[in-house]
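Read through the structure below, which is laid out as structure tokens, and then see the notes.
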Amino acid sequence: MVSKSYSNLLELASGEAPSFGYMNRRIPRIMTVAGLISDVDDDPVESVCSDPSSSTAHRDRIIMVANQLPIRAQRRPDGNRSCWSFEWDENALLQLKDGLGDDDIEVIYVGCLKEEVHPSEQDEVSQTLLETFKCIPTFLPADQFTKYYHGFCKQQLWPLFHYMLPLSPELGGRFNRSLWQAYVSVNKIFADRIMEVINPEDDYVWIHDYHLMVLPTFLRKRFNRVKLGFFLHSPFPSSEIYKTLPVREEILRALLNSDLIGFHTFDYARHFLSCCSRMLGLTYESKRGYIGIEYYGRTVSIKILPVGIHLGQLQSVLRMPQTEEKVCELIRQFSDKGRTLLLGVDDMDIFKGISLKLLAMEQLLIQHPEYREKVVLVQIANPARGRGKDVKEVQAETKATVKRINETFGKPGFDPVILIEEPLKFYERVAYYVVAECCLVTAVRDGMNLIPYEYIISRQGNEMLDAVLGLASSPKKKSMLVVSEFIGCSPSLSGAIRVNPWNIDAVADAMDSALEMADSEKELRHEKHYRYVSTHDVGYWARSFLQDLERTCSDHVRRRWWGIGFGLSFRVVALDPNFKKLSMEHIVSAYKRTATRAILLDYDGTLMPQSSTIDKSPSSKSIEILSSLCRDKNNMVFLVSARSRKMLSEWFSPCENLGVAAEHGYFLRMKRDEEWETHVAATDTSWKQIAEPVMKLYTETTDGSTIEDKETALVWCYEDADPDFGSCQAKELLDHLESVLANEPVTVKSDQNNVEVKPQVCTTFHF
């Protein structure tokens with residue numbers, strides 16, 4: 001394959017007007033409206049960045065984009081026509097109208113309604129939602145929504161991100177191209193809705209969760225300098241799991257079109273960074289506490305911050321009379337009868353570990369007969385968000401396990417496990433939090449899970465609930481948590497008893513420890529948790545993310561942006577404002593009017609494109625082009641490479657007049673038939689006897705690595721090794737070689753995918 005950087009040299013050599021092909025595709029230029037690109041750049045001199053003074057960064061509006069709007073909609077009959085009523089969904093996490101605490105910030109929401117709206121009503125509904133709630137509804141045809149949400153999102157992405165592989169057709173989740181196309185189409189529809197309201201100069205766009213992972217590409221393609229953040233609310237799987245996804249690179253590249261990508265935990269971020277490294281060859285580093293990925297001149301920032309709860313909203317629910325009444329009812333049902341309440345609140349799906357929790361409860365009652373008729377597990381099972389065979393299986397298993405436990409350990413009028421399947425109002429759930437002595441969250445995999453946070457705030461209570469519970473004024477509150485190691489909130493709850501939910505005995509022991517723990521210890525753990533949860537609510541999370549987004553985008557107006565690539569491979573190249581595009585017309589003109597020309601060429605990455613091919617030798621087309629250039633007596637063509645003179649001599653033997661500088665210029669030859677020259681005295685290579693055994697040691701322990709023995713240097717290459725392990729070994733090798741060669745006249749340096757040792761006297765040419 002001919003490298004594009006020199007594909008037209010043959011035409012230059014022949015003196016013909018170049019056709020340029022790929023190279024003639026003009027680089028678009030930034031217009032005066034930030035983020036917009038023209039299709040043609042007529043004059044390189046005019047290809048300048050828009051005046052920074054014309055665009056001042058403001059955080060006037062946040063466009064919040066999610067699969068669902070934080071709105072409850074209800075159709076009500078009204079005579080001969082239907083009308084709609086709308087209200088805020090107080091349970092929606094992204095309902096941030098009060099969370100940001102800044103009246104100067106306007107929040108606009110873009111997303112779908114849970115209810116289907118007839119096309120004839122969509123305009124009226126859109127107008128009502130925009131004027132009353134500042135919401136932009138996205139309407140999708142029912143069949144398209146089914147393929148997008150219940151198909152690709154819930155059958156493919158959601159299981160995979162929770163570490164479930166489609167190992168057999170019965171498990172579901174096998175990749176379906178039509179579902180992927182529906183997913184991309186819906187993301188494009190979301191982009192169209194955003195474009196109707198966005199002011200690309202000032203607005204910040206914040207996209208949420210795995211339903212919209214390719215949306216950043218559509219927005220970046222339309223507005224190159226859009227200020228764009230993305231937050232993933234689910235786990236991000238390890239690279240070994242993620243790389244099974246057939247569209248893995250498309251999704252990674254789409255996410256990298258964001259300016260800031262957020263994750264709940266370091267583990268999720270680490271997995272994402274590993275995928276970028278292994279599948280896209282990208283590197284990342286931490287600077288002053290901020291993690292960044294270099295991507296085509298842009299720095300994509302990574303933020304690690306667990307989301308919080310709506311603190312004020314929950315506290316207002318705790319003050320409701322209905323909450324007090326429900327708490328009184330639960331006290332009569334449990335506490336007054338001498339029974340301790342353990343609580344589980346989970347969605348009815350395969351990853352929440354409900355059946356494992358029930359098995360642990362069964363084990364607790366078997367091992368500790370003293371708890372029988374004294375401890376009750378109330379399991380609130382919220383309706384499943386997805387649908388399918390797996391949901392039905394979980395429901396059936398849960399009911400069967402509950403029935404078995406109650407038949408074994410229950411008595412007339414008493415069941416040790418109470419399963420609540422009907423939807424509860426929020427205040428009812430909060431009342432259970434208030435009364436429960438311990439909250440159990442045993443999900444086998446979950447993105448964040450805010451149930452423990454809600455439980456902690458509810459246990460803190462207020463004066464009204466303290467009176468109902470019979471507590472003294474201003475008492476020290478207590479709470480106990482048993483949480484899975486595999487949920488996102490676990491790292492922030494250091495006072496919780498962390499368990500492996502698959503270890504039934506360990507979970508049962510944790511439940512016993514929670515019941516038997518001294519009140520003073522429970523109080524200390526509760527105080528620690530309450531201090532964290534009350535200061536890291538959803539408002540804190542949102543403000544922190546937006547502050548980092550503003551910081552990340554602060555240099556947008558000072559950079560020049562060019563869009564390259566097609567479809568989901570589209571990305572933006574960001575360059576310094578002083579960058580000037582190389583004009584092929586000027587090169588041709590200078591080539592024709594000069595009598596003496598020096599043409600210096602690098603090999604790897606220039607004459608030979610960077611690729612994974614084993615054969616690194618030049619193509620016949622490359623040799624033909626170089627030979628044509630060399631035949632012109634007015635040209636001096638020189639090839640500079642780090643490769644050995646033996647290899648370069650073999651590869652370029654047909655080029656009679658080609659000058660070659662081998663091994664970074666240590667060996668020079670002006671023409672093929674001339675002798676190789678060196679401009680330094682012969683060097684002592686006895687140091688190789690020290691360095692080579694060390695390199696061999698690392699080669700034996702690093703699969704895919706090799707040693708290249710040059711006349712003047714030794715190079716350890718790990719291009720074909722595992723990128724993470726190879727990089728780690730390279731750092732160790734660098735330190736090892738610097739130590740053993742400290743007294744030798746050599747330099748040891750690390751470059752991309754290699755570690756090289758060479759004499760200090762070597763002259764190096766750089767391109």
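Residues in the structure tokens are numbered from 1 in each chain, the chains being A, B, ... in the order shown, and ligands are numbered from 1 in the order shown.
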
Next item on the list: Give me every strand (DSSP E) residue in range 329-516 of chain A, going by DSSP on the backbone, as a PyMOL selection string.
Entry: chain A and resi 340-347+375-382+417-420+438-441+481-484+497-499

* Asked: Near Glu393 in chain A, within 9 Å and counting only C-alpha atoms, which residues show up once chain neighbours fewer than 5 positions away are dropped, as a VMD selection string?
  -> chain A and resid 350 388 398

From a DSSP pass on the backbone, collect the residues of range 425-570 of chain A flagged as helix (DSSP H, G or I) and hand them back as a PyMOL selection string.
chain A and resi 426-435+451-460+463-469+490-492+504-516+519-535+538-552+556-558+567-569

Tell me which protein, DNA and RNA residues are within 7 Å of range 527-536 of chain A, counting only C-alpha atoms, leaving out same-chain ones fewer than 6 positions away, and put them as a ChimeraX atom specification.
/A:308,311,453,456-457,493,495

Of the listed residues A:Lys399, A:Arg220, A:Arg288, A:His556, that which approaches Ile354 in chain A most closely, counting only C-alpha atoms: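 Result for the nearest residue to Ile354 in chain A: A:Lys399.
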